[in-house]
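Visitor: Here you go, one structure.
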Amino acid sequence: MVKVQSDVNIGLVGHVDHGKTTLTKALSGVWTDTHSEETKRGISIRLGYADIVFRRCPKCEEQVSYTTAETCERCGTKTEILRKISFVDAPGHETLMATMLSGAAIMDGAVLVIAANEYCPQPQTKEHLMALDVIGVKDIIVVQNKIDIVSKERAIESYHEILDFVQGTNAENAPIIPVSAQQGVNMDILIETIENVIKTPKRSPRKSSRMYVARSFDINKPGSKPDSLEGGVIGGSLIQGTFKVGDEIEIKPGVNDKNNKWISLTSQIVGLNAGGEDVDKIGPGGLIGVATLLDPSLSKADSLSGSIAGKPGKLPPVLNNFSMETFLLERVVGIENEKDVDPISLKEPLMINCGTTTTVGVVTKVKGSTVDVALKLPICADPDQRVALSRRVGARWRLIGYGIIQ
């Protein structure tokens with residue numbers, strides 16, 4: 001029987017148009033670009049999600065036995081279930097770096113997709129790899145995609161470019177798997193590599209529940225009658241603890257009232273969904289949907305994304321300002337002409353990613369590597385939590401390092 005909830009969240013990251021969404025489709029059968037603007041522009045704008053079950057044929061040789069099919073394509077034998085995976089397809093466009101960083105907060109491991117038909121590294125290839133390092137994602141696989149549209153000589157050249165690129169990074173020892181996502185080539189080898197490299201982390205189901213909210217929805221159709229309206233839905237990943245139907249939950253920071261004061265939201269869980277199936281109880285791991293009794297106007301259009309949900313009274317404090325120890329990169333990546341990272345300066349605005357939250361903080365004090373910031377939008381965070389830091393370089397936010405909240 002297939003486990004309803006996924007064991008692990010795996011990010012698909014890399015430069016725009018290198019084939020992340022196509023690779024997700026090749027593995028899962030799900031096309032994650034469903035937003036109308038994504039379809040029009042041909043790029044991912046929001047985080048995409050897809051669940052898939054990895055399987056293995058018990059009769060075929062091990063190197064060709066990995067699949068996602070219930071019946072082996074080679075010998076017709078019923079396949080055995082290995083693990084259920086949630087893929088997080090992050091946008092690669094430079095203007096959507098904040099979305100990628102929000103997605104990285106719920107990734108247990110990552111697949112870095114690099115197209116063989118373009119020189120490596122492209123700007124966002126480098127920026128995404130640095131982002132994984134900043135967020136703390138260590139289990140990485142490199143996929144050399146589009147090998148079907150390049151010559152053998154170019155494929156070999158691309159491979160050596162990748163080897164040079166990952167030297168000295170957190171992907172230095174990552175396996176490099178050549179694939180064609182469009183043609184479905186080497187998917188079995190990629191599945192085997194994921195199984196060997198990206199392990200299911202140890203979870204903490206007994207701790208107080210805590211969920212990173214990455215999406216939120218109003219699922220009611222326009223014109224619905226008041227007595228048929230359903231409450232708001234939040235989506236994301238439970239990083240510890242459990243949720244059950246009937247549980248009371250709190251969502252922080254919540255909503256901003258007329259006096260510019262943030263008020264947390266409380267509600268009841270009336271439905272849980274994992275892997276497209278309704279369940280009564282959910283533990284850590286995988287991507288989930290939580291139906292509540294909240295006014296759907298509060299959850300529409302991802303308005304609660306970036307929040308934390310959990311047991312009332314047990315969530316971290318809401319911070320409007322904080323001090324942090326900063327650790328800066330040597331160079332600003334993600335641009336063609338890289339430049340040194342200058343020290344953080346007083347009154348400088350910084351984009352701060354904490355969990356799935358994106359906010360802007362204005363620097364109010366600098367003392368060595370310790371920096372104080374006042375936030376435009378509050379965050380819900382514990383001491384010692386890591387946050388990603390970006391600064392304005394030209395017209396874009398560029399990753400410059402990370403901070404540890406004190």
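Chain lettering (A, B, ...) mirrors the order of the structure tokens, residue numbering begins at 1 for each chain separately, and ligand numbering begins at 1 in order of display.
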What's the 9 Å shell around Phe165 of chain A, counting only C-alpha atoms, without same-chain residues fewer than 5 positions away, as a PDB file with N, CA and C atoms, in the first residue's frame?

Guide:
ATOM      1  N   CYS A 120      28.351  26.738 -18.196  1.00  0.00           N
ATOM      2  CA  CYS A 120      28.168  26.637 -16.737  1.00  0.00           C
ATOM      3  C   CYS A 120      29.334  27.331 -16.031  1.00  0.00           C
ATOM      4  N   PRO A 121      29.032  28.200 -15.030  1.00  0.00           N
ATOM      5  CA  PRO A 121      27.710  28.444 -14.451  1.00  0.00           C
ATOM      6  C   PRO A 121      27.011  29.662 -15.051  1.00  0.00           C
ATOM      7  N   LYS A 126      24.662  29.693 -10.106  1.00  0.00           N
ATOM      8  CA  LYS A 126      25.568  30.009  -8.999  1.00  0.00           C
ATOM      9  C   LYS A 126      24.786  30.547  -7.800  1.00  0.00           C
ATOM     10  N   HIS A 160      32.797  18.905 -17.592  1.00  0.00           N
ATOM     11  CA  HIS A 160      34.001  19.459 -16.961  1.00  0.00           C
ATOM     12  C   HIS A 160      33.754  20.874 -16.445  1.00  0.00           C
ATOM     13  N   GLU A 172      30.492  20.013  -3.946  1.00  0.00           N
ATOM     14  CA  GLU A 172      31.774  19.560  -4.502  1.00  0.00           C
ATOM     15  C   GLU A 172      31.807  18.052  -4.752  1.00  0.00           C
TER      16      GLU A 172
END

Visitor: Write down as a PyMOL selection string the residues belonging to segment 24-262 of chain A that are assigned helix (DSSP H, G or I) by DSSP computed on the backbone.

Guide: chain A and resi 24-28+36-41+62-64+94-104+123-135+147-149+152-166+187-197+226-228

Visitor: Interatomic distance between atom CA of Ile288 of chain A and atom CA of Gly136 of chain A?

Guide: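 Computed distance, atom CA of Ile288 of chain A to atom CA of Gly136 of chain A, equals 22.2 Å.
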
Visitor: May I have the residues within 9 Å of Ala274 of chain A as JSON, numbers by chain, using only C-alpha atoms and disregarding those fewer than 3 positions away in the same chain?

Guide: {"A": [4, 5, 6, 277, 278, 279, 282, 286, 287, 288, 289]}

Visitor: Please determine, counting only C-alpha atoms, which residue among A:His128, A:Arg391, A:Arg55, A:Arg396 has the shortest atom-to-atom distance to Ile85 of chain A.

Guide: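 So, comparing all the options, the nearest one is A:Arg55.
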
Visitor: In segment 86-152 of chain A, what's strand (DSSP E) per DSSP? Answer as a list in words?

Guide: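 Strand (DSSP E) assignments inside segment 86-152 of chain A correspond to Ser86, Phe87, Val88, Asp89, Gly109, Ala110, Val111, Leu112, Val113, Ile114, Ala115, Ile140, Ile141, Val142, Val143, Gln144 and Asn145 of chain A.
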
Visitor: Skipping near chain neighbours, those fewer than 3 positions away, what residues fall within 10 Å of Gln385 of chain A using only C-alpha atoms, listed as an mmCIF file with C-alpha atoms, in the first residue's frame?

Guide:
data_model
loop_
_atom_site.group_PDB
_atom_site.id
_atom_site.type_symbol
_atom_site.label_atom_id
_atom_site.label_comp_id
_atom_site.auth_asym_id
_atom_site.auth_seq_id
_atom_site.Cartn_x
_atom_site.Cartn_y
_atom_site.Cartn_z
ATOM 1 C CA MET A 324 21.991 38.929 14.411
ATOM 2 C CA CYS A 354 13.375 33.427 7.603
ATOM 3 C CA GLY A 355 11.682 30.080 7.062
ATOM 4 C CA ALA A 381 11.380 33.062 14.891
ATOM 5 C CA ASP A 382 13.458 31.531 17.671
ATOM 6 C CA GLY A 403 22.617 35.847 9.815
ATOM 7 C CA ILE A 404 21.999 33.998 13.085
ATOM 8 C CA ILE A 405 19.305 35.595 15.269
ATOM 9 C CA GLN A 406 20.582 36.395 18.753
#

Visitor: Please provide the set of residues having any atom within 7 Å of Leu399 of chain A, restricted to only C-alpha atoms, with same-chain residues fewer than 2 positions apart removed, written as a PyMOL selection string.

Guide: chain A and resi 332+389-391+397+401

Visitor: Find the spatial neighbours of Asp148 of chain A, counting only C-alpha atoms, within a cut-off of 10 Å - ignore same-chain residues fewer than 4 positions away - and output them as a short mmCIF file (atom, residue, chain, number, x, y, z; two decimals) with C-alpha atoms, in the first residue's frame.

Guide:
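This is the output file result-v3.cif:
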data_model
loop_
_atom_site.label_atom_id
_atom_site.label_comp_id
_atom_site.auth_asym_id
_atom_site.auth_seq_id
_atom_site.Cartn_x
_atom_site.Cartn_y
_atom_site.Cartn_z
CA ALA A 116 24.33 21.12 -21.13
CA ASN A 117 23.58 23.49 -24.02
CA LYS A 152 29.05 14.19 -27.40
CA ALA A 155 28.31 17.06 -23.25
CA PRO A 178 23.36 13.27 -17.35
CA VAL A 179 19.68 13.18 -18.36
CA SER A 180 17.17 14.26 -20.95
CA ALA A 181 14.09 15.35 -19.03
CA GLN A 182 12.24 15.93 -22.32
CA GLN A 183 12.84 12.35 -23.50
CA VAL A 185 16.39 9.41 -20.44
#

Visitor: Please report the interatomic distance between atom CA of Ile352 of chain A and atom CA of Thr364 of chain A in Å with one decimal.

Guide: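 Answer for the atom CA of Ile352 of chain A to atom CA of Thr364 of chain A separation: 14.5 Å.
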
Visitor: By how many Å are atom CA of Ile156 of chain A and atom CA of Glu127 of chain A apart?

Guide: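 Those two atoms sit 23.6 Å apart.
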
Visitor: Name all residues at most 12 Å from Gln268 of chain A (count only C-alpha atoms; drop same-chain ones fewer than 6 positions away) and give them as a count of residues only.

Guide: 22
